[in-house]
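Shown next: start11.pdb, containing PDB, C-alpha atoms and all ligand atoms.
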ATOM      1  CA  MET D  33      65.579  54.723 127.390  1.00  0.00           C
ATOM      2  CA  ALA D  34      64.250  55.915 124.018  1.00  0.00           C
ATOM      3  CA  ASP D  35      60.482  56.058 123.512  1.00  0.00           C
ATOM      4  CA  PRO D  36      59.127  53.015 121.647  1.00  0.00           C
ATOM      5  CA  MET D  37      58.120  53.511 118.003  1.00  0.00           C
ATOM      6  CA  PRO D  38      54.504  54.738 117.935  1.00  0.00           C
ATOM      7  CA  VAL D  39      51.990  52.347 116.413  1.00  0.00           C
ATOM      8  CA  THR D  40      50.163  54.420 113.807  1.00  0.00           C
ATOM      9  CA  SER D  41      47.868  51.801 112.336  1.00  0.00           C
ATOM     10  CA  MET D  42      46.769  48.285 113.172  1.00  0.00           C
ATOM     11  CA  TRP D  43      44.078  46.448 111.230  1.00  0.00           C
ATOM     12  CA  LEU D  44      41.996  43.814 112.986  1.00  0.00           C
ATOM     13  CA  THR D  45      41.285  41.759 109.907  1.00  0.00           C
ATOM     14  CA  CYS D  46      41.924  38.291 108.447  1.00  0.00           C
ATOM     15  CA  GLN D  47      40.367  36.619 111.516  1.00  0.00           C
ATOM     16  CA  GLN D  48      39.214  33.609 109.489  1.00  0.00           C
ATOM     17  CA  PRO D  49      41.398  30.877 107.976  1.00  0.00           C
ATOM     18  CA  ALA D  50      42.604  31.628 104.442  1.00  0.00           C
ATOM     19  CA  ARG D  51      40.624  28.774 102.925  1.00  0.00           C
ATOM     20  CA  ASP D  52      37.380  30.107 104.435  1.00  0.00           C
ATOM     21  CA  GLN D  53      38.133  33.559 103.022  1.00  0.00           C
ATOM     22  CA  ARG D  54      38.533  32.087  99.520  1.00  0.00           C
ATOM     23  CA  ARG D  55      35.890  29.332  99.459  1.00  0.00           C
ATOM     24  CA  GLY D  56      33.341  29.932  96.679  1.00  0.00           C
ATOM     25  CA  ARG D  57      34.926  33.284  95.838  1.00  0.00           C
ATOM     26  CA  TYR D  58      38.042  31.959  94.048  1.00  0.00           C
ATOM     27  CA  VAL D  59      38.423  29.042  91.632  1.00  0.00           C
ATOM     28  CA  PRO D  60      39.806  25.894  93.342  1.00  0.00           C
ATOM     29  CA  GLN D  61      43.004  26.029  91.212  1.00  0.00           C
ATOM     30  CA  THR D  62      43.957  29.184  93.137  1.00  0.00           C
ATOM     31  CA  SER D  63      45.746  26.904  95.605  1.00  0.00           C
ATOM     32  CA  SER D  64      48.405  26.390  92.893  1.00  0.00           C
ATOM     33  CA  HIS D  65      49.772  29.903  93.520  1.00  0.00           C
ATOM     34  CA  PRO D  66      52.518  29.712  96.176  1.00  0.00           C
ATOM     35  CA  GLY D  67      52.120  33.121  97.826  1.00  0.00           C
ATOM     36  CA  LYS D  68      48.650  34.649  97.819  1.00  0.00           C
ATOM     37  CA  MET D  69      47.533  37.787  99.634  1.00  0.00           C
ATOM     38  CA  LEU D  70      44.729  37.207 102.142  1.00  0.00           C
ATOM     39  CA  PRO D  71      41.413  38.382 100.624  1.00  0.00           C
ATOM     40  CA  HIS D  72      40.255  40.155 103.799  1.00  0.00           C
ATOM     41  CA  LEU D  73      43.532  42.111 103.924  1.00  0.00           C
ATOM     42  CA  ALA D  74      43.127  43.240 100.300  1.00  0.00           C
ATOM     43  CA  ALA D  75      39.469  44.138 100.881  1.00  0.00           C
ATOM     44  CA  HIS D  76      40.332  46.156 104.002  1.00  0.00           C
ATOM     45  CA  ALA D  77      43.041  48.135 102.182  1.00  0.00           C
ATOM     46  CA  ILE D  78      40.786  48.776  99.193  1.00  0.00           C
ATOM     47  CA  SER D  79      37.809  49.936 101.239  1.00  0.00           C
ATOM     48  CA  SER D  80      40.068  52.106 103.440  1.00  0.00           C
ATOM     49  CA  TYR D  81      41.845  53.928 100.613  1.00  0.00           C
ATOM     50  CA  THR D  82      39.393  54.029  97.684  1.00  0.00           C
ATOM     51  CA  ALA D  83      35.742  54.764  96.869  1.00  0.00           C
ATOM     52  CA  PRO D  84      33.326  52.846  94.584  1.00  0.00           C
ATOM     53  CA  GLY D  85      34.234  53.375  90.927  1.00  0.00           C
ATOM     54  CA  ASP D  86      37.928  54.058  91.699  1.00  0.00           C
ATOM     55  CA  LEU D  87      40.736  52.245  89.885  1.00  0.00           C
ATOM     56  CA  VAL D  88      43.011  49.853  91.832  1.00  0.00           C
ATOM     57  CA  PHE D  89      46.306  48.607  90.346  1.00  0.00           C
ATOM     58  CA  ASP D  90      48.393  45.531  91.229  1.00  0.00           C
ATOM     59  CA  PRO D  91      51.664  45.219  89.258  1.00  0.00           C
ATOM     60  CA  MET D  92      52.365  41.664  90.563  1.00  0.00           C
ATOM     61  CA  CYS D  93      48.822  40.359  90.804  1.00  0.00           C
ATOM     62  CA  GLY D  94      49.473  36.594  91.035  1.00  0.00           C
ATOM     63  CA  SER D  95      46.135  34.804  91.421  1.00  0.00           C
ATOM     64  CA  GLY D  96      44.250  38.116  91.265  1.00  0.00           C
ATOM     65  CA  THR D  97      43.265  38.691  94.896  1.00  0.00           C
ATOM     66  CA  THR D  98      43.514  42.489  94.614  1.00  0.00           C
ATOM     67  CA  LEU D  99      41.383  42.451  91.454  1.00  0.00           C
ATOM     68  CA  VAL D 100      38.662  40.142  92.803  1.00  0.00           C
ATOM     69  CA  GLU D 101      38.284  42.074  96.060  1.00  0.00           C
ATOM     70  CA  ALA D 102      38.259  45.383  94.165  1.00  0.00           C
ATOM     71  CA  MET D 103      35.483  44.074  91.885  1.00  0.00           C
ATOM     72  CA  HIS D 104      33.304  42.882  94.778  1.00  0.00           C
ATOM     73  CA  LEU D 105      33.682  46.350  96.338  1.00  0.00           C
ATOM     74  CA  GLY D 106      32.547  48.058  93.136  1.00  0.00           C
ATOM     75  CA  ARG D 107      36.017  49.266  92.141  1.00  0.00           C
ATOM     76  CA  GLN D 108      37.796  48.756  88.814  1.00  0.00           C
ATOM     77  CA  GLY D 109      41.074  46.830  88.659  1.00  0.00           C
ATOM     78  CA  ILE D 110      44.148  46.356  86.487  1.00  0.00           C
ATOM     79  CA  GLY D 111      46.675  43.634  87.290  1.00  0.00           C
ATOM     80  CA  ILE D 112      49.948  42.477  85.755  1.00  0.00           C
ATOM     81  CA  ASP D 113      51.927  39.286  86.319  1.00  0.00           C
ATOM     82  CA  ILE D 114      54.917  37.950  84.443  1.00  0.00           C
ATOM     83  CA  GLU D 115      53.838  34.284  84.587  1.00  0.00           C
ATOM     84  CA  PRO D 116      51.173  33.357  82.007  1.00  0.00           C
ATOM     85  CA  ARG D 117      49.876  30.543  84.243  1.00  0.00           C
ATOM     86  CA  PHE D 118      49.203  33.081  87.008  1.00  0.00           C
ATOM     87  CA  THR D 119      47.503  35.573  84.693  1.00  0.00           C
ATOM     88  CA  ALA D 120      45.312  32.717  83.419  1.00  0.00           C
ATOM     89  CA  LEU D 121      44.433  31.989  87.064  1.00  0.00           C
ATOM     90  CA  ALA D 122      43.758  35.659  87.800  1.00  0.00           C
ATOM     91  CA  ALA D 123      41.549  35.891  84.701  1.00  0.00           C
ATOM     92  CA  ALA D 124      39.577  32.839  85.881  1.00  0.00           C
ATOM     93  CA  ASN D 125      39.081  34.471  89.292  1.00  0.00           C
ATOM     94  CA  VAL D 126      38.020  37.751  87.676  1.00  0.00           C
ATOM     95  CA  ALA D 127      35.516  35.840  85.499  1.00  0.00           C
ATOM     96  CA  LEU D 128      34.131  34.082  88.594  1.00  0.00           C
ATOM     97  CA  ALA D 129      33.670  37.419  90.389  1.00  0.00           C
ATOM     98  CA  ALA D 130      31.867  38.830  87.336  1.00  0.00           C
ATOM     99  CA  SER D 131      29.603  35.755  87.184  1.00  0.00           C
ATOM    100  CA  GLN D 132      28.736  36.317  90.855  1.00  0.00           C
ATOM    101  CA  GLY D 133      27.532  39.837  90.141  1.00  0.00           C
ATOM    102  CA  ALA D 134      30.535  41.850  91.312  1.00  0.00           C
ATOM    103  CA  ALA D 135      29.855  45.503  90.554  1.00  0.00           C
ATOM    104  CA  GLY D 136      33.372  46.296  89.312  1.00  0.00           C
ATOM    105  CA  ALA D 137      35.407  44.965  86.393  1.00  0.00           C
ATOM    106  CA  ALA D 138      39.093  44.101  86.038  1.00  0.00           C
ATOM    107  CA  GLN D 139      41.700  43.635  83.334  1.00  0.00           C
ATOM    108  CA  VAL D 140      44.631  41.191  83.599  1.00  0.00           C
ATOM    109  CA  LEU D 141      47.846  41.733  81.609  1.00  0.00           C
ATOM    110  CA  THR D 142      50.827  39.418  81.145  1.00  0.00           C
ATOM    111  CA  GLY D 143      54.286  40.997  81.176  1.00  0.00           C
ATOM    112  CA  ASP D 144      57.227  42.351  83.121  1.00  0.00           C
ATOM    113  CA  ALA D 145      56.010  45.023  85.520  1.00  0.00           C
ATOM    114  CA  THR D 146      59.428  46.704  85.586  1.00  0.00           C
ATOM    115  CA  ARG D 147      58.235  47.982  82.162  1.00  0.00           C
ATOM    116  CA  LEU D 148      54.633  48.476  83.203  1.00  0.00           C
ATOM    117  CA  LEU D 149      54.190  51.826  81.468  1.00  0.00           C
ATOM    118  CA  GLU D 150      54.522  49.923  78.147  1.00  0.00           C
ATOM    119  CA  LEU D 151      51.776  47.510  79.226  1.00  0.00           C
ATOM    120  CA  VAL D 152      48.982  49.460  80.876  1.00  0.00           C
ATOM    121  CA  PRO D 153      46.425  51.304  78.752  1.00  0.00           C
ATOM    122  CA  ALA D 154      47.211  55.012  78.386  1.00  0.00           C
ATOM    123  CA  SER D 155      43.763  55.745  79.780  1.00  0.00           C
ATOM    124  CA  ALA D 156      44.914  54.416  83.192  1.00  0.00           C
ATOM    125  CA  VAL D 157      47.803  56.877  83.550  1.00  0.00           C
ATOM    126  CA  GLY D 158      46.998  59.409  86.273  1.00  0.00           C
ATOM    127  CA  ARG D 159      43.752  57.621  87.216  1.00  0.00           C
ATOM    128  CA  VAL D 160      44.827  54.998  89.783  1.00  0.00           C
ATOM    129  CA  SER D 161      43.595  55.568  93.352  1.00  0.00           C
ATOM    130  CA  LEU D 162      45.463  52.704  95.016  1.00  0.00           C
ATOM    131  CA  VAL D 163      48.515  50.572  94.157  1.00  0.00           C
ATOM    132  CA  LEU D 164      48.242  47.387  96.211  1.00  0.00           C
ATOM    133  CA  THR D 165      50.733  44.566  95.729  1.00  0.00           C
ATOM    134  CA  SER D 166      53.030  42.000  97.317  1.00  0.00           C
ATOM    135  CA  PRO D 167      56.354  40.983  95.723  1.00  0.00           C
ATOM    136  CA  PRO D 168      57.973  37.543  95.805  1.00  0.00           C
ATOM    137  CA  TYR D 169      60.702  37.198  98.441  1.00  0.00           C
ATOM    138  CA  GLY D 170      62.631  34.328  96.873  1.00  0.00           C
ATOM    139  CA  ARG D 171      61.979  31.322  94.653  1.00  0.00           C
ATOM    140  CA  GLY D 172      59.184  29.874  96.695  1.00  0.00           C
ATOM    141  CA  THR D 173      57.236  29.620  99.910  1.00  0.00           C
ATOM    142  CA  HIS D 174      56.106  26.770 102.131  1.00  0.00           C
ATOM    143  CA  GLY D 175      53.348  26.053  99.588  1.00  0.00           C
ATOM    144  CA  LEU D 176      51.046  23.152 100.393  1.00  0.00           C
ATOM    145  CA  VAL D 177      52.666  20.804 102.869  1.00  0.00           C
ATOM    146  CA  GLN D 178      51.710  17.191 103.480  1.00  0.00           C
ATOM    147  CA  THR D 179      53.279  14.808 106.003  1.00  0.00           C
ATOM    148  CA  THR D 180      53.773  11.304 104.604  1.00  0.00           C
ATOM    149  CA  SER D 181      55.342   8.125 106.011  1.00  0.00           C
ATOM    150  CA  THR D 182      58.542   9.000 104.120  1.00  0.00           C
ATOM    151  CA  GLY D 183      58.727  12.625 105.206  1.00  0.00           C
ATOM    152  CA  VAL D 184      57.286  16.005 104.327  1.00  0.00           C
ATOM    153  CA  ARG D 185      56.003  16.510 100.788  1.00  0.00           C
ATOM    154  CA  LYS D 186      55.668  20.019  99.391  1.00  0.00           C
ATOM    155  CA  ARG D 187      53.787  21.115  96.327  1.00  0.00           C
ATOM    156  CA  ASN D 188      52.873  24.376  94.655  1.00  0.00           C
ATOM    157  CA  HIS D 189      55.764  26.038  96.468  1.00  0.00           C
ATOM    158  CA  HIS D 190      57.635  27.587  93.524  1.00  0.00           C
ATOM    159  CA  TYR D 191      56.694  30.733  91.603  1.00  0.00           C
ATOM    160  CA  GLY D 192      57.955  29.225  88.359  1.00  0.00           C
ATOM    161  CA  ASP D 193      60.694  27.049  86.996  1.00  0.00           C
ATOM    162  CA  ARG D 194      62.770  29.401  84.915  1.00  0.00           C
ATOM    163  CA  GLU D 195      64.531  32.747  84.818  1.00  0.00           C
ATOM    164  CA  ASN D 196      62.299  34.987  82.708  1.00  0.00           C
ATOM    165  CA  GLY D 197      62.417  38.285  84.569  1.00  0.00           C
ATOM    166  CA  ASN D 198      60.434  36.851  87.482  1.00  0.00           C
ATOM    167  CA  LEU D 199      61.859  38.686  90.485  1.00  0.00           C
ATOM    168  CA  ALA D 200      61.449  35.490  92.519  1.00  0.00           C
ATOM    169  CA  TYR D 201      64.684  34.319  90.856  1.00  0.00           C
ATOM    170  CA  ALA D 202      66.616  37.523  91.434  1.00  0.00           C
ATOM    171  CA  GLY D 203      69.183  38.008  94.181  1.00  0.00           C
ATOM    172  CA  TRP D 204      68.426  40.647  96.799  1.00  0.00           C
ATOM    173  CA  SER D 205      70.043  43.444  94.823  1.00  0.00           C
ATOM    174  CA  ARG D 206      68.116  42.780  91.584  1.00  0.00           C
ATOM    175  CA  LEU D 207      64.917  42.126  93.553  1.00  0.00           C
ATOM    176  CA  LEU D 208      65.219  45.536  95.222  1.00  0.00           C
ATOM    177  CA  ASP D 209      66.122  47.271  91.927  1.00  0.00           C
ATOM    178  CA  GLY D 210      63.184  45.569  90.208  1.00  0.00           C
ATOM    179  CA  PHE D 211      60.764  46.461  92.965  1.00  0.00           C
ATOM    180  CA  ALA D 212      62.019  50.071  92.960  1.00  0.00           C
ATOM    181  CA  ALA D 213      61.456  50.237  89.176  1.00  0.00           C
ATOM    182  CA  ILE D 214      57.919  48.878  89.597  1.00  0.00           C
ATOM    183  CA  LEU D 215      57.051  51.342  92.358  1.00  0.00           C
ATOM    184  CA  ALA D 216      58.571  54.271  90.433  1.00  0.00           C
ATOM    185  CA  ALA D 217      56.534  53.406  87.328  1.00  0.00           C
ATOM    186  CA  SER D 218      53.398  52.806  89.420  1.00  0.00           C
ATOM    187  CA  TYR D 219      53.778  56.316  90.817  1.00  0.00           C
ATOM    188  CA  HIS D 220      53.093  57.683  87.314  1.00  0.00           C
ATOM    189  CA  LEU D 221      49.739  55.892  87.275  1.00  0.00           C
ATOM    190  CA  LEU D 222      48.505  57.528  90.486  1.00  0.00           C
ATOM    191  CA  GLY D 223      45.880  60.238  90.309  1.00  0.00           C
ATOM    192  CA  PRO D 224      45.670  63.171  92.730  1.00  0.00           C
ATOM    193  CA  GLY D 225      45.472  61.872  96.306  1.00  0.00           C
ATOM    194  CA  GLY D 226      46.298  58.318  95.207  1.00  0.00           C
ATOM    195  CA  THR D 227      47.901  55.868  97.639  1.00  0.00           C
ATOM    196  CA  TRP D 228      50.663  53.269  97.072  1.00  0.00           C
TER     197      TRP D 228
HETATM  198  C1  LIG T 301      53.665  37.275  96.284  1.00  0.00           C
HETATM  199  S1  LIG T 301      53.088  36.956  94.632  1.00  0.00           S
HETATM  200  C2  LIG T 301      51.634  37.976  94.512  1.00  0.00           C
HETATM  201  C3  LIG T 301      50.428  37.221  94.967  1.00  0.00           C
HETATM  202  C4  LIG T 301      49.115  37.946  94.788  1.00  0.00           C
HETATM  203  N1  LIG T 301      49.018  39.117  95.663  1.00  0.00           N
HETATM  204  C5  LIG T 301      47.956  36.999  95.054  1.00  0.00           C
HETATM  205  O1  LIG T 301      47.163  37.266  95.974  1.00  0.00           O
HETATM  206  O2  LIG T 301      47.893  35.952  94.408  1.00  0.00           O
HETATM  207  C6  LIG T 301      54.246  37.835  93.627  1.00  0.00           C
HETATM  208  C7  LIG T 301      53.963  37.715  92.139  1.00  0.00           C
HETATM  209  O3  LIG T 301      54.901  38.542  91.446  1.00  0.00           O
HETATM  210  C8  LIG T 301      55.057  37.991  90.157  1.00  0.00           C
HETATM  211  N2  LIG T 301      56.236  38.627  89.546  1.00  0.00           N
HETATM  212  C9  LIG T 301      57.534  38.418  89.816  1.00  0.00           C
HETATM  213  N3  LIG T 301      58.325  39.189  89.063  1.00  0.00           N
HETATM  214  C10 LIG T 301      57.494  39.938  88.288  1.00  0.00           C
HETATM  215  C11 LIG T 301      57.708  40.947  87.312  1.00  0.00           C
HETATM  216  N4  LIG T 301      58.946  41.341  86.962  1.00  0.00           N
HETATM  217  N5  LIG T 301      56.620  41.506  86.710  1.00  0.00           N
HETATM  218  C12 LIG T 301      55.356  41.108  87.057  1.00  0.00           C
HETATM  219  N6  LIG T 301      55.099  40.141  87.962  1.00  0.00           N
HETATM  220  C13 LIG T 301      56.152  39.577  88.592  1.00  0.00           C
HETATM  221  C14 LIG T 301      55.169  36.503  90.431  1.00  0.00           C
HETATM  222  O4  LIG T 301      54.904  35.726  89.285  1.00  0.00           O
HETATM  223  C15 LIG T 301      54.126  36.326  91.545  1.00  0.00           C
HETATM  224  O5  LIG T 301      52.896  35.863  91.053  1.00  0.00           O
END
Once you've parsed the file, please lay out its structure as structure tokens.
Amino acid sequence: MADPMPVTSMWLTCQQPARDQRRGRYVPQTSSHPGKMLPHLAAHAISSYTAPGDLVFDPMCGSGTTLVEAMHLGRQGIGIDIEPRFTALAAANVALAASQGAAGAAQVLTGDATRLLELVPASAVGRVSLVLTSPPYGRGTHGLVQTTSTGVRKRNHHYGDRENGNLAYAGWSRLLDGFAAILAASYHLLGPGGTW
């Protein structure tokens, strides 16, 4: 029998419910995003792979979890999302972190991350220490689920309602091509020793 795959890394993190991780740290409207990263997971990755003052980049930043956690850890952040309603949400979360005295700052940009080199400031090229992101894996997620007398009601479970370059609406092949384009462009942002 072949040897099992070695486990190289396991993070004991995210041991509290998602809502407890976000309470008071994110604006309440954050629940309207269908697929958020867990804050403790983002914070663990950022503190493991970067130092205070470093620049963290998220090309599909959604509600801004990567940016908020980077700010509270004294890092700088740049995030992109294609949906204006999500970048507005991310900007609100960044503003809340700043109002709470977070030591870092973050910039939120709206646009298609497959063309991210046209969006990010030139000053960021070659300066990013960590690319941290999570792509959509289809049009929606379970969202917020409520059981009613007439059945299950779902809300906030779609990434958007139109085809506008959002990879959530792409088939597997275009999703993979889009994600490959985003990772390839992100590579150009990395500085020496950067992680993605
Ligand atoms: C899984 S969510 C990211 C959630 C985020 N980590 C958070 O904590 O809120 C994926 C995001 O990718 C965005 N997205 C999809 N296609 C995109 C593209 N071509 N360029 C930029 N953002 C895109 C979606 O709008 C969505 O917000």
Counting only C-alpha atoms, which residues come within 8 Å of (35.0, 31.9, 91.9), with the point read in the file's coordinates, and could you list them as a ChimeraX atom specification? /D:56-60,124-129,132
Result set of the PyMOL selection byres (((chain D and resi 219-221) around 12) and not hetatm) on the coordinates above, as a VMD selection string: chain D and resid 87 to 91 110 148 to 164 212 to 218 222 to 228
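By all atoms listed in the file, and with residues fewer than 3 positions from D:Gly136 along its chain excluded, the set lying at most 10 Å from it is Pro84, Gly85, Asp86, Leu87, Leu99, Val100, Glu101, Ala102, Met103, His104, Leu105, Gly106, Arg107, Gln108, Gly109, Val126, Ala129, Ala130 and Gly133 of chain D.
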C-alpha atoms of the current selection, written as a PDB file, in the coordinates of the input:
ATOM      1  CA  PRO D  84      33.326  52.846  94.584  1.00  0.00           C
ATOM      2  CA  GLY D  85      34.234  53.375  90.927  1.00  0.00           C
ATOM      3  CA  ASP D  86      37.928  54.058  91.699  1.00  0.00           C
ATOM      4  CA  LEU D  87      40.736  52.245  89.885  1.00  0.00           C
ATOM      5  CA  LEU D  99      41.383  42.451  91.454  1.00  0.00           C
ATOM      6  CA  VAL D 100      38.662  40.142  92.803  1.00  0.00           C
ATOM      7  CA  GLU D 101      38.284  42.074  96.060  1.00  0.00           C
ATOM      8  CA  ALA D 102      38.259  45.383  94.165  1.00  0.00           C
ATOM      9  CA  MET D 103      35.483  44.074  91.885  1.00  0.00           C
ATOM     10  CA  HIS D 104      33.304  42.882  94.778  1.00  0.00           C
ATOM     11  CA  LEU D 105      33.682  46.350  96.338  1.00  0.00           C
ATOM     12  CA  GLY D 106      32.547  48.058  93.136  1.00  0.00           C
ATOM     13  CA  ARG D 107      36.017  49.266  92.141  1.00  0.00           C
ATOM     14  CA  GLN D 108      37.796  48.756  88.814  1.00  0.00           C
ATOM     15  CA  GLY D 109      41.074  46.830  88.659  1.00  0.00           C
ATOM     16  CA  VAL D 126      38.020  37.751  87.676  1.00  0.00           C
ATOM     17  CA  ALA D 129      33.670  37.419  90.389  1.00  0.00           C
ATOM     18  CA  ALA D 130      31.867  38.830  87.336  1.00  0.00           C
ATOM     19  CA  GLY D 133      27.532  39.837  90.141  1.00  0.00           C
TER      20      GLY D 133
END
What residues have any atom no more than 6 Å from ligand LIG 301 (chain T) when counting only C-alpha atoms and all ligand atoms, and can you list them as a PyMOL selection string? chain D and resi 67-69+91-97+112-115+143-146+165-168+191+197-200
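What separates atom CA of D:Ser41 from atom CA of D:Pro71 is a distance of 18.9 Å.
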Just give me the gap between atom CA of D:Gly111 and atom CA of D:Ala138 in Å, one decimal is fine. 7.7 Å
Edge lengths and centre in Å to one decimal, as AutoDock Vina command-line options, is what I'm after for the box along x, y and z that holds all listed atoms of stretch 127-136 of chain D once 6 Å is added on each side.
--center_x 31.5 --center_y 40.2 --center_z 88.4 --size_x 20.0 --size_y 24.2 --size_z 17.8
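The space between atom CA of D:Gly210 and atom CA of D:Gly170 spans 13.1 Å.
When only C-alpha atoms are used to compute distances to D:Ser64, the closest of the residues D:His189, D:His76, D:Arg147, D:Arg206 turns out to be D:His189.
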Could you expand the PyMOL selection byres (((chain D and resi 50) around 10) and not hetatm) into the explicit residues it covers here, written as a PyMOL selection string? chain D and resi 46-49+51-55+68-72
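Taking only C-alpha atoms into account, D:Ala137 lies nearest to D:Thr98 out of the set D:Tyr169, D:Thr182, D:Thr98, D:Leu207.
Nearest-residue note for D:Thr45: choosing from D:Thr62, D:Ala74, D:Val184, D:His190, the minimum distance belongs to D:Ala74, counting all atoms listed in the file.
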